[in-house]
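Below is one structure, written out as structure tokens; comments come after it.
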Amino acid sequence: MNREIPGFYYDPEKKKYFKIEASHKAPAGSQYSKDAVKRKRKDQEKRQRKVHLTRRIAKEKIKRAAFLANPLIGAEREIGTQLVTKSSRQDQRGLLYASQLRRNQLHQFEPWPDEYSIKHVLRNQRSGILVASGHRGGESSVSICFPDCDQEKWTYNRTMERVLFKEPYRVCCSSFGHHNRSTTADVIATMDSGPNGDSFLAPRMLPDPDEGGDYRWPPSFSHPVRLRMASSLWCSAPCPVGTMPFFAIGTSDGLHTLEGFGSYWALSKKSFANDVYSGKPILHRRIDSSHALVTSVEWLSAQVIAAGLKDSAIFLHDLRSAGTATRLQHSHAVTKIKSVDPYRMVVAGINSDNYTRRVSDTKVAENLLRLFTRDYT
């Protein structure tokens, strides 16, 4: 530290001493007048106090140890009892989490007429209605169970299920569709591999509880609707938002959408993307081929549907412009797509390979944006 000399100011930037001039004699804008030097020393003291406070806080602050994230596993590493690899730690962590799971019976579905296997289970997050589909031999059924009306927590101890469908078909999947923000919902069951090799979609409106907690079926929809199709049905997914139920359907003949209410439903087929080089439709997308079979569908937003094909391709369809683009490719046949947010999705293949695909910040987003907005410019 430089020594203080009376009547002089040491400039740390220039590393020199300068004589302090009287304020009334110093020229305008002088850096070394008495008042200017006083301001500089005051600012310098303020900076030193701030630096000292920052160092004191950093010194006194207790940092959270990394092993506290998983203390049962990390404690052994900290005390040096064993050295394990990252994969071994992940296995131990998975076993530890799995050991905390407990089996609990939600509802005992009655056999018809014998025991059968439950294949899909859904629960309406707004009303608590439970839907289960199962199969036995060459028959399948879809049953519905309402929660107990006098319980704050959804329980199904005193209620009997009701069979919605019982057909000599194979149940592929079931999904819920909601009416905006209300508790009213529609459930759709995809029935496949019928006696004549046919398939059908079975939408059904579910009732709302009345003031007494009882569930009454809508009189306008007392009989189930069946929309028969020649192609096989593989998957379905409901639109997350909207005023009316809206479903995406994956079939052996591409992507379809189903929209309607009550007894009135409209099924629409969506086009495949054209060839990247020629710009013309791909001719080898015949029905039931791996290039036309949609094995998984997911809504990235209220307007964009992601669909995975058996040939490992993933295409996006925009409902606003009716545009379709194939820009993503999995290493195996796609079995499941799950949306993380409007820009990311997790894709699983037939060999249990999972990939997280990000649509933004890449040329994919630019190509899709250019494709989807061409009808609006």
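Residues in the structure tokens are named by chain (A, B, ... in the order shown) and by number from 1 within that chain; ligands are numbered from 1 in the order shown.
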When you look at A:Thr257 with a cut-off of 8 Å (counting only C-alpha atoms), what residues show up, excluding the ones that are within fewer than 4 positions of it in the same chain? I need them as number ranges by chain. A: 246-249, 267-270
Residues from the last selection, N, CA, C and O atoms, saved as a short mmCIF file (atom, residue, chain, number, x, y, z; two decimals), in the first residue's frame:
```cif
data_model
loop_
_atom_site.label_atom_id
_atom_site.label_comp_id
_atom_site.auth_asym_id
_atom_site.auth_seq_id
_atom_site.Cartn_x
_atom_site.Cartn_y
_atom_site.Cartn_z
N PHE A 246 -60.99 -33.90 -29.07
CA PHE A 246 -60.23 -33.97 -30.31
C PHE A 246 -59.14 -35.02 -30.10
O PHE A 246 -58.32 -34.89 -29.20
N PHE A 247 -59.12 -36.07 -30.93
CA PHE A 247 -58.19 -37.17 -30.77
C PHE A 247 -57.32 -37.31 -32.01
O PHE A 247 -57.77 -37.08 -33.14
N ALA A 248 -56.07 -37.71 -31.79
CA ALA A 248 -55.18 -38.14 -32.87
C ALA A 248 -55.14 -39.67 -32.85
O ALA A 248 -54.94 -40.27 -31.79
N ILE A 249 -55.31 -40.28 -34.01
CA ILE A 249 -55.41 -41.75 -34.12
C ILE A 249 -54.30 -42.24 -35.03
O ILE A 249 -54.14 -41.75 -36.16
N LEU A 267 -64.19 -38.15 -38.78
CA LEU A 267 -62.87 -38.76 -38.90
C LEU A 267 -62.18 -38.20 -40.13
O LEU A 267 -62.75 -38.19 -41.22
N SER A 268 -60.95 -37.74 -39.97
CA SER A 268 -60.21 -37.11 -41.07
C SER A 268 -58.83 -37.72 -41.18
O SER A 268 -58.12 -37.87 -40.17
N LYS A 269 -58.43 -38.07 -42.39
CA LYS A 269 -57.09 -38.62 -42.65
C LYS A 269 -56.13 -37.49 -42.98
O LYS A 269 -56.45 -36.60 -43.77
N LYS A 270 -54.94 -37.54 -42.40
CA LYS A 270 -53.92 -36.54 -42.63
C LYS A 270 -52.88 -37.07 -43.62
O LYS A 270 -52.55 -38.26 -43.62
#
```
Spatial neighbours of A:Arg158, 10 Å, only C-alpha atoms, chain gap at least 6 places, as a VMD selection string: chain A and resid 107 146 to 149
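The gap separating atom CA of A:Leu233 from atom CA of A:Ala307 is 13.7 Å, in Å to one decimal.
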Straight-line distance linking atom CA of A:Ser296 with atom CA of A:Asp192, stated in Å to one decimal: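 Spanning atom CA of A:Ser296 to atom CA of A:Asp192 is a straight-line distance of 15.6 Å.
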Between atom CA of A:Ala189 and atom CA of A:Ser127, what distance in Å does the model show, to one decimal?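 A separation of 18.8 Å between them.
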Every residue of stretch 230-260 of chain A that DSSP places in strand (DSSP E or B), as JSON, numbers by chain: {"A": [233, 234, 235, 236, 237, 238, 246, 247, 248, 249, 250, 251, 254, 255, 256, 257, 258, 259, 260]}
Those residues with all heavy atoms, as a CSV table (one decimal), in the first residue's frame please?
```csv
chain,number,residue,atom,x,y,z
A,233,LEU,N,-55.9,-50.3,-36.1
A,233,LEU,CA,-55.8,-49.2,-35.2
A,233,LEU,C,-54.6,-49.6,-34.2
A,233,LEU,O,-54.6,-50.7,-33.7
A,233,LEU,CB,-57.1,-49.0,-34.4
A,233,LEU,CG,-58.3,-48.6,-35.3
A,233,LEU,CD1,-59.5,-48.5,-34.4
A,233,LEU,CD2,-58.1,-47.4,-36.1
A,234,TRP,N,-53.7,-48.6,-33.9
A,234,TRP,CA,-52.6,-48.8,-33.1
A,234,TRP,C,-52.5,-47.9,-31.9
A,234,TRP,O,-52.0,-48.4,-30.8
A,234,TRP,CB,-51.3,-48.7,-34.0
A,234,TRP,CG,-51.1,-49.8,-34.9
A,234,TRP,CD1,-51.6,-50.0,-36.1
A,234,TRP,CD2,-50.3,-51.0,-34.6
A,234,TRP,NE1,-51.2,-51.2,-36.6
A,234,TRP,CE2,-50.4,-51.8,-35.8
A,234,TRP,CE3,-49.5,-51.4,-33.6
A,234,TRP,CZ2,-49.7,-53.0,-35.8
A,234,TRP,CZ3,-48.8,-52.6,-33.7
A,234,TRP,CH2,-48.9,-53.4,-34.8
A,235,CYS,N,-52.9,-46.7,-32.0
A,235,CYS,CA,-52.7,-45.8,-30.8
A,235,CYS,C,-53.6,-44.6,-31.0
A,235,CYS,O,-54.2,-44.4,-32.0
A,235,CYS,CB,-51.2,-45.3,-30.8
A,235,CYS,SG,-50.7,-44.6,-32.4
A,236,SER,N,-53.8,-43.9,-29.9
A,236,SER,CA,-54.6,-42.7,-29.9
A,236,SER,C,-54.1,-41.7,-28.8
A,236,SER,O,-53.4,-42.2,-27.8
A,236,SER,CB,-56.1,-43.0,-29.6
A,236,SER,OG,-56.2,-43.6,-28.3
A,237,ALA,N,-54.4,-40.4,-28.9
A,237,ALA,CA,-54.0,-39.4,-27.9
A,237,ALA,C,-54.9,-38.3,-28.0
A,237,ALA,O,-55.3,-37.8,-29.1
A,237,ALA,CB,-52.5,-39.0,-28.2
A,238,PRO,N,-55.4,-37.8,-26.9
A,238,PRO,CA,-56.3,-36.6,-26.9
A,238,PRO,C,-55.6,-35.3,-26.9
A,238,PRO,O,-54.5,-35.2,-26.5
A,238,PRO,CB,-57.1,-36.8,-25.5
A,238,PRO,CG,-56.0,-37.4,-24.6
A,238,PRO,CD,-55.2,-38.3,-25.5
A,246,PHE,N,-61.0,-33.9,-29.1
A,246,PHE,CA,-60.2,-34.0,-30.3
A,246,PHE,C,-59.1,-35.0,-30.1
A,246,PHE,O,-58.3,-34.9,-29.2
A,246,PHE,CB,-59.6,-32.6,-30.6
A,246,PHE,CG,-59.2,-32.4,-32.1
A,246,PHE,CD1,-59.6,-33.4,-33.0
A,246,PHE,CD2,-58.5,-31.3,-32.5
A,246,PHE,CE1,-59.2,-33.2,-34.3
A,246,PHE,CE2,-58.1,-31.1,-33.8
A,246,PHE,CZ,-58.5,-32.1,-34.7
A,247,PHE,N,-59.1,-36.1,-30.9
A,247,PHE,CA,-58.2,-37.2,-30.8
A,247,PHE,C,-57.3,-37.3,-32.0
A,247,PHE,O,-57.8,-37.1,-33.1
A,247,PHE,CB,-58.9,-38.5,-30.5
A,247,PHE,CG,-59.8,-38.5,-29.3
A,247,PHE,CD1,-61.1,-38.1,-29.3
A,247,PHE,CD2,-59.2,-38.9,-28.1
A,247,PHE,CE1,-61.9,-38.2,-28.2
A,247,PHE,CE2,-60.0,-39.0,-26.9
A,247,PHE,CZ,-61.3,-38.6,-27.0
A,248,ALA,N,-56.1,-37.7,-31.8
A,248,ALA,CA,-55.2,-38.1,-32.9
A,248,ALA,C,-55.1,-39.7,-32.9
A,248,ALA,O,-54.9,-40.3,-31.8
A,248,ALA,CB,-53.8,-37.6,-32.7
A,249,ILE,N,-55.3,-40.3,-34.0
A,249,ILE,CA,-55.4,-41.7,-34.1
A,249,ILE,C,-54.3,-42.2,-35.0
A,249,ILE,O,-54.1,-41.7,-36.2
A,249,ILE,CB,-56.8,-42.2,-34.7
A,249,ILE,CG1,-57.9,-41.5,-33.9
A,249,ILE,CG2,-56.9,-43.7,-34.6
A,249,ILE,CD1,-58.1,-41.9,-32.5
A,250,GLY,N,-53.5,-43.2,-34.6
A,250,GLY,CA,-52.5,-43.8,-35.4
A,250,GLY,C,-53.0,-45.2,-35.9
A,250,GLY,O,-53.5,-46.0,-35.2
A,251,THR,N,-53.0,-45.3,-37.3
A,251,THR,CA,-53.5,-46.5,-37.9
A,251,THR,C,-52.4,-47.1,-38.8
A,251,THR,O,-51.3,-46.6,-39.0
A,251,THR,CB,-54.7,-46.2,-38.7
A,251,THR,OG1,-54.4,-45.4,-39.9
A,251,THR,CG2,-55.7,-45.3,-37.9
A,254,GLY,N,-51.7,-44.5,-41.8
A,254,GLY,CA,-51.3,-43.2,-41.5
A,254,GLY,C,-52.0,-42.6,-40.3
A,254,GLY,O,-52.6,-43.2,-39.5
A,255,LEU,N,-51.9,-41.2,-40.2
A,255,LEU,CA,-52.5,-40.5,-39.1
A,255,LEU,C,-53.9,-40.0,-39.4
A,255,LEU,O,-54.1,-39.5,-40.5
A,255,LEU,CB,-51.5,-39.3,-38.8
A,255,LEU,CG,-52.0,-38.3,-37.8
A,255,LEU,CD1,-52.0,-38.9,-36.4
A,255,LEU,CD2,-51.1,-37.0,-37.8
A,256,HIS,N,-54.8,-40.1,-38.4
A,256,HIS,CA,-56.1,-39.6,-38.6
A,256,HIS,C,-56.4,-38.8,-37.3
A,256,HIS,O,-55.8,-38.9,-36.3
A,256,HIS,CB,-57.1,-40.8,-38.6
A,256,HIS,CG,-57.1,-41.6,-39.9
A,256,HIS,ND1,-56.0,-42.4,-40.2
A,256,HIS,CD2,-57.9,-41.7,-40.9
A,256,HIS,CE1,-56.2,-43.0,-41.3
A,256,HIS,NE2,-57.4,-42.6,-41.8
A,257,THR,N,-57.4,-37.9,-37.5
A,257,THR,CA,-57.9,-37.2,-36.3
A,257,THR,C,-59.4,-37.4,-36.2
A,257,THR,O,-60.1,-37.6,-37.2
A,257,THR,CB,-57.7,-35.7,-36.5
A,257,THR,OG1,-58.3,-35.2,-37.7
A,257,THR,CG2,-56.2,-35.4,-36.5
A,258,LEU,N,-59.9,-37.4,-35.0
A,258,LEU,CA,-61.3,-37.6,-34.7
A,258,LEU,C,-61.8,-36.5,-33.8
A,258,LEU,O,-61.3,-36.2,-32.8
A,258,LEU,CB,-61.5,-39.0,-34.0
A,258,LEU,CG,-63.0,-39.3,-33.6
A,258,LEU,CD1,-63.8,-39.6,-34.9
A,258,LEU,CD2,-63.0,-40.6,-32.7
A,259,GLU,N,-62.9,-35.8,-34.3
A,259,GLU,CA,-63.4,-34.7,-33.6
A,259,GLU,C,-64.9,-34.8,-33.6
A,259,GLU,O,-65.5,-35.2,-34.6
A,259,GLU,CB,-63.0,-33.4,-34.3
A,259,GLU,CG,-63.4,-32.1,-33.5
A,259,GLU,CD,-62.9,-30.8,-34.2
A,259,GLU,OE1,-62.5,-31.0,-35.4
A,259,GLU,OE2,-63.0,-29.8,-33.6
A,260,GLY,N,-65.6,-34.4,-32.5
A,260,GLY,CA,-67.0,-34.5,-32.4
A,260,GLY,C,-67.5,-34.3,-31.0
A,260,GLY,O,-66.8,-33.9,-30.1
```
